[in-house]
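These notes concern the structure reproduced below.
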Amino acid sequence: MLPLFEYTKGMREEHTSYCPGCTHGIAHRLIMEALCERGELGRAIGVVPIGCSIVAHNYMNVDMCESMHGRAPAIASGIKRVHPDNIVFTYQGDGDLASIGTGEIIHAAHRGENFTTFFINNAVYGMTGGQMAPTTLIGQKTTTTAGGRSEAANGKPLRMAEIIATIESAAFVERVSLDSPANVRKAKKATLRALETQKAGVGFSFVEFLSTCPTNWGLSPIASLEWLRTDMIPYYPLGNFKTKEIGR
Amino acid sequence: MTDNRQLLKGNEAFAEAAIAAGCRYYFGYPITPQNELTEYMSRVLPSVGGSFVQAESELAAISMAYGAAAAGGRALISSSSPGIALMQEGISFLCSANIPMVLLNVSRGGPGVGGIQPGQADYFLATRVGGIVDYHTLVYAPASIQESINILMQAYETAEKYRNPLMLLVDGMLGQMMEPVVVPDGVETIPTTDLHALNPWAVTGHRGSRERRVIRSLRLKPDELERSIEERGEKYARAEIELTSYEAIDLDGAEIVFVAFGSTSRIVKESLTALKRMRIKGGLIRPITLWPFPYRAFDGIDKRTKAVVSVELSKGQLIQDVKLGVNGRFPVKLIHRTGGMLLTPEEIVAAAKNISEVN
Ligand SMILES: Cc1ncc(C[n+]2csc(CCOP(=O)(O)OP(=O)(O)O)c2C)c(N)n1
């Protein structure tokens, strides 16, 4: 009998410390499944960020390295120099990647680094208790924008996938969402494609996951998924922004 | 017998020695007075199976080196004072994650962007360290290009033995001058497959054949964090016994004992000869390791000594360790210049004469 659903070997059998309804767990599983399916689990080396997902190494069954806040892409660049045949990836939140680590992510793409970045955009700083991130939407209430983010005070949110896509040496850039089974399946496809891009050595690959943070959004898990659909997706359009041909 | 000496500029000699010692990964950001080192690495590393990356900032450079070293590679970082200041974030992480690395600070005058002439104003930064503290960087202060080479040849083994970053503090004078030197033959490039076995803590990919490895800095449980700090403390205590190194000259019967490191110590040595002619007997303690600092050298100072003098290119930093070493036994004085100005033997002699007459 074929099992319909089982633990992926990519995940360790641990209960995560993430809040109920947080989509970090889904993103973890997609990446680990994709590595398993491509037979790369034993060759993968991941870099975790400063943020809620610093603990990802408790759950992902691969070699992992903690990072200084925002520097994961530089660390991955160093790891990839030593192990060019391994799959190297960073997993980063939006405070980590789109704020303190903008220099590192832009220049990893600029150099056309052959690693993959998985970017979790949940529109807030999660770990520190829900402050405004560069990705916080206009009008969105956070602990540092109690009246809602205003354009006059804070500008408009950064669209990282679009920014990365303008960089010549970025080879694969896609934004996906974790709000529904259909979108999760698309996210898996993008994850696989990003890993193929890295394997082919044609340049930097980047997948942005629109994600939820029910605790800091002050919404239930279900309402969070709904808010992601009604408020985030219109500002952060889903889809592929760049695919460099992979010679086969 | 063949003479295998070559005339090399300090910065290039450091690069050549690091490669001979096994360095294969270098990440740099331009800054004077160490640019020749970065440029040398860009030319030579690719031809010995290594990698060179010009980083977008010092923050990125130290992070790349952290990644390479976490993956088991022998990485080198070089910069000068303002760049080293930025790198403190990475150095603190290296220490907390117990990752070995070799760093060169070809230092200049500060604070801020300061100037580009040689200085020793990074003494506190090197020995008291800049990140979240409760850690130490192993710090060496060679006084010649050859001594720098000799220290570099051992540096990776020492850093790996202690699983801790090791820094050479060489001022811009050593980086920029030329001296005849011998660089020993180099070690072979380590194949990445061997990194698996050589560094049983490095992230290499588990190949399904062992438990996953994690390079960690975060320790959220206070008792766990405290334990890791105490364990590191034990290794630092070992380093104090095993690594402390200094040179002591003419302490016997010395009227004045100078304490100086690096290029400054060479100027002091010249002054000793001049003082001898004036019948003032001077001695010198030259710390070779700045951390661990050779406090025990001060036990060798003659009871008849009138004063111990810290001679430094900084505004009274080394003198703090001199006072700890002297521990109230002798008056302690300071001779210094800052800003990239150098001390001349004449200046030192005049100051020493003054001290000798007053005391
Ligand atoms: C240098 C430094 N600055 C600030 C912090 C505090 N801090 C911890 S996690 C974090 C950011 C978390 O936000 P995000 O990247 O959006 O990830 P999330 O937690 O939402 O997954 C910050 C600022 C830190 N640990 N280090």
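Each chain in the structure tokens gets a letter, A, B, ..., in the order shown, and its residues are numbered from 1; ligands are numbered from 1 in order too.
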Can you pull out every residue from range 34-254 of chain B that DSSP, working from the backbone, puts in helix (DSSP H, G or I), and format the result as a PyMOL selection string?
chain B and resi 35-48+58-70+81-86+88-96+123-127+145-162+172-176+192-198+222-243
Dump C-alpha atoms for the selected residues as a compact mmCIF listing (two decimals), in the first residue's frame?
# COMPACT_ATOMS: atom_id res chain seq x y z
CA ASN B 35 45.47 47.18 -0.84
CA GLU B 36 48.50 45.31 -2.21
CA LEU B 37 47.43 42.30 -0.16
CA THR B 38 43.94 42.26 -1.66
CA GLU B 39 45.35 42.76 -5.15
CA TYR B 40 47.89 39.96 -4.69
CA MET B 41 45.14 37.57 -3.61
CA SER B 42 43.03 38.45 -6.65
CA ARG B 43 45.99 37.56 -8.91
CA VAL B 44 47.31 34.47 -7.19
CA LEU B 45 44.52 32.63 -5.33
CA PRO B 46 42.64 31.40 -8.44
CA SER B 47 45.85 29.81 -9.75
CA VAL B 48 46.31 27.67 -6.62
CA GLU B 58 33.70 44.85 5.27
CA LEU B 59 30.50 43.54 6.87
CA ALA B 60 30.08 41.27 3.87
CA ALA B 61 33.79 40.37 3.64
CA ILE B 62 33.95 39.04 7.21
CA SER B 63 30.61 37.27 6.69
CA MET B 64 31.87 35.55 3.55
CA ALA B 65 34.99 34.48 5.40
CA TYR B 66 32.77 33.23 8.25
CA GLY B 67 30.87 31.11 5.71
CA ALA B 68 34.04 29.74 4.11
CA ALA B 69 35.57 28.93 7.50
CA ALA B 70 32.30 27.40 8.77
CA SER B 81 41.38 50.15 11.22
CA PRO B 82 37.99 51.52 10.02
CA GLY B 83 37.30 48.26 8.18
CA ILE B 84 38.30 46.13 11.16
CA ALA B 85 35.94 48.24 13.29
CA LEU B 86 33.06 47.28 10.98
CA GLN B 88 33.55 43.33 14.88
CA GLU B 89 30.07 41.89 14.30
CA GLY B 90 31.58 38.97 12.41
CA ILE B 91 34.50 38.51 14.78
CA SER B 92 32.11 38.26 17.74
CA PHE B 93 30.15 35.56 15.87
CA LEU B 94 33.33 33.69 14.93
CA CYS B 95 34.28 33.51 18.59
CA SER B 96 30.82 32.49 19.75
CA TYR B 123 45.33 48.39 20.46
CA PHE B 124 42.13 48.37 22.50
CA LEU B 125 40.08 47.20 19.53
CA ALA B 126 42.42 44.25 19.09
CA THR B 127 42.99 43.31 22.72
CA ILE B 145 58.09 41.25 7.72
CA GLN B 146 59.99 38.00 8.33
CA GLU B 147 58.48 37.66 11.79
CA SER B 148 55.02 38.26 10.26
CA ILE B 149 55.70 35.45 7.79
CA ASN B 150 56.83 33.10 10.55
CA ILE B 151 53.71 33.83 12.62
CA LEU B 152 51.45 33.43 9.57
CA MET B 153 52.98 30.04 8.78
CA GLN B 154 51.73 28.78 12.17
CA ALA B 155 48.59 30.89 12.35
CA TYR B 156 46.04 28.49 10.85
CA GLU B 157 47.19 25.61 13.02
CA THR B 158 46.96 27.76 16.12
CA ALA B 159 43.54 29.18 15.16
CA GLU B 160 42.28 25.67 14.38
CA LYS B 161 43.70 24.20 17.57
CA TYR B 162 41.86 26.82 19.64
CA GLY B 172 50.91 50.43 7.95
CA MET B 173 54.68 50.81 8.16
CA LEU B 174 55.21 47.04 8.03
CA GLY B 175 52.62 46.73 5.29
CA GLN B 176 54.28 49.28 3.06
CA THR B 192 37.02 19.62 -0.23
CA THR B 193 36.18 15.95 0.29
CA ASP B 194 38.83 15.81 3.00
CA LEU B 195 37.31 18.78 4.84
CA HIS B 196 34.66 16.30 5.93
CA ALA B 197 37.16 14.37 8.03
CA LEU B 198 39.57 17.16 8.94
CA PRO B 222 20.94 31.49 29.99
CA ASP B 223 22.54 28.44 31.62
CA GLU B 224 23.58 27.08 28.22
CA LEU B 225 25.02 30.44 27.15
CA GLU B 226 26.88 30.78 30.44
CA ARG B 227 28.31 27.28 30.06
CA SER B 228 29.58 28.07 26.56
CA ILE B 229 31.28 31.24 27.84
CA GLU B 230 32.92 29.35 30.71
CA GLU B 231 34.11 26.62 28.34
CA ARG B 232 35.62 29.25 26.08
CA GLY B 233 37.22 30.77 29.17
CA GLU B 234 39.03 27.48 29.79
CA LYS B 235 40.48 27.56 26.30
CA TYR B 236 41.61 31.17 26.82
CA ALA B 237 43.28 30.15 30.08
CA ARG B 238 45.13 27.45 28.12
CA ALA B 239 46.12 30.03 25.49
CA GLU B 240 47.61 32.26 28.20
CA ILE B 241 49.90 29.43 29.23
CA GLU B 242 50.70 28.09 25.77
CA LEU B 243 50.80 31.12 23.48
Return as a list in words the residues of protein, DNA or RNA that approach ligand 1 to within 6 Å, with only C-alpha atoms and all ligand atoms taken into account.
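Written in the requested form, the residues are Ile50, Gly51, Cys52, Ser53, His69, Gly93, Asp94, Gly95, Asp96, Val124, Tyr125, Gly126, Met127 and Thr128 of chain A.
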Restricted to N, CA, C and O atoms, what would the selected residues look like written as a compact mmCIF listing (two decimals), in the first residue's frame?
# COMPACT_ATOMS: atom_id res chain seq x y z
N ILE A 50 18.69 35.83 11.32
CA ILE A 50 18.20 36.33 12.61
C ILE A 50 16.73 36.62 12.39
O ILE A 50 16.36 37.36 11.49
N GLY A 51 15.89 36.02 13.19
CA GLY A 51 14.44 36.14 13.02
C GLY A 51 13.83 34.88 13.61
O GLY A 51 14.55 34.01 14.11
N CYS A 52 12.49 34.78 13.53
CA CYS A 52 11.84 33.59 14.10
C CYS A 52 12.48 32.31 13.58
O CYS A 52 12.62 31.33 14.31
N SER A 53 12.87 32.31 12.31
CA SER A 53 13.35 31.06 11.70
C SER A 53 14.82 30.79 11.96
O SER A 53 15.40 29.92 11.32
N HIS A 69 22.77 39.17 11.56
CA HIS A 69 21.49 39.69 11.06
C HIS A 69 21.65 40.29 9.65
O HIS A 69 22.34 41.30 9.47
N GLY A 93 13.90 36.23 6.62
CA GLY A 93 12.69 37.02 6.78
C GLY A 93 12.86 38.40 6.14
O GLY A 93 13.93 38.73 5.61
N ASP A 94 11.79 39.20 6.23
CA ASP A 94 11.81 40.48 5.51
C ASP A 94 12.53 41.59 6.27
O ASP A 94 12.99 42.55 5.66
N GLY A 95 12.62 41.46 7.60
CA GLY A 95 13.47 42.42 8.32
C GLY A 95 14.92 42.12 7.98
O GLY A 95 15.71 43.00 7.69
N ASP A 96 15.24 40.84 8.01
CA ASP A 96 16.60 40.37 7.77
C ASP A 96 17.06 40.70 6.34
O ASP A 96 18.14 41.26 6.15
N VAL A 124 5.99 41.97 8.54
CA VAL A 124 6.36 42.50 9.86
C VAL A 124 7.67 41.88 10.34
O VAL A 124 8.13 40.89 9.80
N TYR A 125 8.23 42.50 11.39
CA TYR A 125 9.30 41.86 12.17
C TYR A 125 8.58 40.93 13.14
O TYR A 125 7.90 41.40 14.06
N GLY A 126 8.71 39.63 12.92
CA GLY A 126 8.00 38.68 13.77
C GLY A 126 8.65 38.50 15.13
O GLY A 126 8.05 38.77 16.17
N MET A 127 9.89 38.11 15.14
CA MET A 127 10.54 37.69 16.38
C MET A 127 10.58 38.79 17.44
O MET A 127 10.47 38.52 18.63
N THR A 128 10.74 40.04 16.98
CA THR A 128 10.87 41.13 17.95
C THR A 128 9.51 41.70 18.36
O THR A 128 9.46 42.70 19.07
Tell me, as a list in words, which residues lie within 7 Å of Asn105 in chain B, counting only C-alpha atoms; anything in the same chain fewer than 2 positions away does not count.
Ser78, Ser79, Ser80, Ser81, Ile84, Leu103, Ser107, Leu168, Leu169 and Val170 of chain B
Okay, now the selection with all heavy atoms, as a PDB file, in the first residue's frame?
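Wrote selection-v2.pdb, looks like this:
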ATOM      1  N   SER B  78      41.811  40.582   5.507  1.00  0.00           N
ATOM      2  CA  SER B  78      42.711  41.682   5.824  1.00  0.00           C
ATOM      3  C   SER B  78      41.962  42.984   5.636  1.00  0.00           C
ATOM      4  O   SER B  78      41.053  43.082   4.822  1.00  0.00           O
ATOM      5  CB  SER B  78      43.946  41.658   4.916  1.00  0.00           C
ATOM      6  OG  SER B  78      43.604  42.032   3.607  1.00  0.00           O
ATOM      7  N   SER B  79      42.342  43.968   6.444  1.00  0.00           N
ATOM      8  CA  SER B  79      41.732  45.285   6.325  1.00  0.00           C
ATOM      9  C   SER B  79      42.587  46.239   7.130  1.00  0.00           C
ATOM     10  O   SER B  79      43.674  45.886   7.592  1.00  0.00           O
ATOM     11  CB  SER B  79      40.282  45.260   6.831  1.00  0.00           C
ATOM     12  OG  SER B  79      39.650  46.505   6.567  1.00  0.00           O
ATOM     13  N   SER B  80      42.108  47.462   7.277  1.00  0.00           N
ATOM     14  CA  SER B  80      42.773  48.429   8.138  1.00  0.00           C
ATOM     15  C   SER B  80      41.726  49.044   9.058  1.00  0.00           C
ATOM     16  O   SER B  80      40.525  48.923   8.815  1.00  0.00           O
ATOM     17  CB  SER B  80      43.460  49.502   7.295  1.00  0.00           C
ATOM     18  OG  SER B  80      44.142  50.404   8.142  1.00  0.00           O
ATOM     19  N   SER B  81      42.184  49.720  10.063  1.00  0.00           N
ATOM     20  CA  SER B  81      41.384  50.154  11.216  1.00  0.00           C
ATOM     21  C   SER B  81      39.879  50.383  11.017  1.00  0.00           C
ATOM     22  O   SER B  81      39.077  49.718  11.665  1.00  0.00           O
ATOM     23  CB  SER B  81      42.066  51.378  11.810  1.00  0.00           C
ATOM     24  OG  SER B  81      43.452  51.104  11.945  1.00  0.00           O
ATOM     25  N   ILE B  84      38.285  47.107  10.066  1.00  0.00           N
ATOM     26  CA  ILE B  84      38.300  46.135  11.162  1.00  0.00           C
ATOM     27  C   ILE B  84      37.215  46.497  12.182  1.00  0.00           C
ATOM     28  O   ILE B  84      36.570  45.634  12.765  1.00  0.00           O
ATOM     29  CB  ILE B  84      39.695  46.077  11.825  1.00  0.00           C
ATOM     30  CG1 ILE B  84      40.744  45.557  10.827  1.00  0.00           C
ATOM     31  CG2 ILE B  84      39.668  45.230  13.100  1.00  0.00           C
ATOM     32  CD1 ILE B  84      40.694  44.084  10.507  1.00  0.00           C
ATOM     33  N   LEU B 103      43.198  36.810  10.609  1.00  0.00           N
ATOM     34  CA  LEU B 103      42.907  38.179  10.179  1.00  0.00           C
ATOM     35  C   LEU B 103      44.167  39.031  10.277  1.00  0.00           C
ATOM     36  O   LEU B 103      44.992  38.836  11.169  1.00  0.00           O
ATOM     37  CB  LEU B 103      41.841  38.820  11.072  1.00  0.00           C
ATOM     38  CG  LEU B 103      40.509  38.102  11.193  1.00  0.00           C
ATOM     39  CD1 LEU B 103      40.441  37.322  12.500  1.00  0.00           C
ATOM     40  CD2 LEU B 103      39.366  39.095  11.159  1.00  0.00           C
ATOM     41  N   SER B 107      47.202  48.465  10.421  1.00  0.00           N
ATOM     42  CA  SER B 107      46.466  49.549  11.064  1.00  0.00           C
ATOM     43  C   SER B 107      46.990  50.944  10.734  1.00  0.00           C
ATOM     44  O   SER B 107      48.150  51.138  10.383  1.00  0.00           O
ATOM     45  CB  SER B 107      46.464  49.331  12.586  1.00  0.00           C
ATOM     46  OG  SER B 107      47.775  49.426  13.088  1.00  0.00           O
ATOM     47  N   LEU B 168      46.709  39.258  13.307  1.00  0.00           N
ATOM     48  CA  LEU B 168      48.013  39.906  13.325  1.00  0.00           C
ATOM     49  C   LEU B 168      47.780  41.408  13.253  1.00  0.00           C
ATOM     50  O   LEU B 168      47.132  41.888  12.320  1.00  0.00           O
ATOM     51  CB  LEU B 168      48.866  39.479  12.118  1.00  0.00           C
ATOM     52  CG  LEU B 168      49.660  38.175  12.270  1.00  0.00           C
ATOM     53  CD1 LEU B 168      48.717  36.978  12.133  1.00  0.00           C
ATOM     54  CD2 LEU B 168      50.750  38.108  11.211  1.00  0.00           C
ATOM     55  N   LEU B 169      48.262  42.126  14.260  1.00  0.00           N
ATOM     56  CA  LEU B 169      48.167  43.579  14.251  1.00  0.00           C
ATOM     57  C   LEU B 169      49.502  44.117  13.745  1.00  0.00           C
ATOM     58  O   LEU B 169      50.499  44.081  14.460  1.00  0.00           O
ATOM     59  CB  LEU B 169      47.858  44.097  15.660  1.00  0.00           C
ATOM     60  CG  LEU B 169      47.686  45.620  15.801  1.00  0.00           C
ATOM     61  CD1 LEU B 169      46.504  46.122  14.974  1.00  0.00           C
ATOM     62  CD2 LEU B 169      47.482  46.008  17.261  1.00  0.00           C
ATOM     63  N   VAL B 170      49.517  44.501  12.477  1.00  0.00           N
ATOM     64  CA  VAL B 170      50.748  45.060  11.901  1.00  0.00           C
ATOM     65  C   VAL B 170      50.399  46.467  11.444  1.00  0.00           C
ATOM     66  O   VAL B 170      49.366  46.667  10.818  1.00  0.00           O
ATOM     67  CB  VAL B 170      51.240  44.237  10.697  1.00  0.00           C
ATOM     68  CG1 VAL B 170      51.769  42.903  11.140  1.00  0.00           C
ATOM     69  CG2 VAL B 170      50.157  44.027   9.662  1.00  0.00           C
TER      70      VAL B 170
END
Applying 8 Å and only C-alpha atoms, which residues near Val48 in chain A remain after dropping the ones on its own chain fewer than 2 positions away? List them as a count of residues only.
15
Each residue of chain A with at least one atom at most 6 Å from chain B should appear once, together with its nearest atom pair and the corresponding distance in Å (one decimal); atoms considered: only C-alpha atoms; ordering: chain, then increasing residue number; output as a tab-separated table.
residue	atom	partner	partner_atom	distance
A:Gly42	CA	B:Arg207	CA	3.7
A:Arg43	CA	B:Gly205	CA	4.4
A:Ala44	CA	B:Gly205	CA	5.4
A:Ile45	CA	B:Gly205	CA	5.7
A:Val62	CA	B:Arg212	CA	5.4
A:Asp63	CA	B:Arg213	CA	4.7
A:Met64	CA	B:Val214	CA	4.8
A:Cys65	CA	B:Ile215	CA	4.5
A:Glu66	CA	B:Arg216	CA	5.5
A:Ala74	CA	B:Met64	CA	4.8
A:Ile75	CA	B:Gly67	CA	4.2
A:Ser77	CA	B:Met64	CA	5.9
A:Gly78	CA	B:Met64	CA	4.2
A:Ile79	CA	B:Ala68	CA	4.6
A:Val82	CA	B:Ala68	CA	5.9
Counting only C-alpha atoms, which of B:Pro30, B:Gly283, B:Gly131, B:Pro165 gets nearest to Asn98 in chain B?
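The closest residue to Asn98 in chain B is B:Pro165.
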Can you list every residue in range 6-216 of chain A that DSSP puts in strand (DSSP E), as an MDAnalysis selection string?
chainID A and resid 44:48 63:66 87:93 116:121 124:125 131:132 170:177 204:210
Range 264-277 of chain B: which residues within 6 Å, counting only C-alpha atoms, same-chain residues fewer than 5 positions away excluded, as a list in words?
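So, after excluding close chain neighbours, the residues are Gly282, Pro345 and Val349 of chain B.
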Got a sec: who's within 9 Å of range 184-189 of chain A, counting only C-alpha atoms, leaving out chain neighbours fewer than 2 positions off, as an mmCIF file with C-alpha atoms, in the first residue's frame?
data_model
loop_
_atom_site.group_PDB
_atom_site.id
_atom_site.type_symbol
_atom_site.label_atom_id
_atom_site.label_comp_id
_atom_site.auth_asym_id
_atom_site.auth_seq_id
_atom_site.Cartn_x
_atom_site.Cartn_y
_atom_site.Cartn_z
ATOM 1 C CA ILE A 26 4.950 25.161 5.174
ATOM 2 C CA ALA A 27 7.911 26.907 3.573
ATOM 3 C CA LEU A 30 8.413 22.658 0.680
ATOM 4 C CA ILE A 31 12.135 23.340 0.570
ATOM 5 C CA GLU A 33 10.656 18.069 0.083
ATOM 6 C CA ALA A 34 12.190 19.631 -2.994
ATOM 7 C CA GLU A 174 9.569 34.262 -8.557
ATOM 8 C CA ARG A 175 6.994 35.353 -5.985
ATOM 9 C CA VAL A 176 4.656 32.730 -4.626
ATOM 10 C CA SER A 177 2.081 32.604 -1.844
ATOM 11 C CA LEU A 178 1.384 30.094 0.911
ATOM 12 C CA ASP A 179 -2.302 31.011 1.361
ATOM 13 C CA SER A 180 -4.010 28.079 -0.412
ATOM 14 C CA PRO A 181 -3.314 24.502 -1.534
ATOM 15 C CA ALA A 182 -3.161 25.630 -5.175
ATOM 16 C CA THR A 191 11.277 25.964 -5.273
ATOM 17 C CA LEU A 192 12.219 23.052 -7.531
ATOM 18 C CA ARG A 193 12.959 25.399 -10.400
ATOM 19 C CA ALA A 194 15.187 27.551 -8.194
ATOM 20 C CA VAL A 207 11.884 32.709 -4.315
ATOM 21 C CA PHE A 209 7.009 33.442 -0.223
#
Excluding same-chain residues fewer than 3 positions from Ala108 in chain A, what lies within 8 Å of it counting only C-alpha atoms, as number ranges by chain?
A: 73-74, 77, 104-105, 111-113, 204
Atomic separation - CA of Arg108 in chain B relative to CA of Glu12 in chain B, Å:
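Rounded to one decimal, the two atoms are 17.7 Å apart.
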For the atom pair CA of Gly101 in chain A and CA of Pro49 in chain A, what is the interatomic distance in Å to one decimal place?
10.0 Å
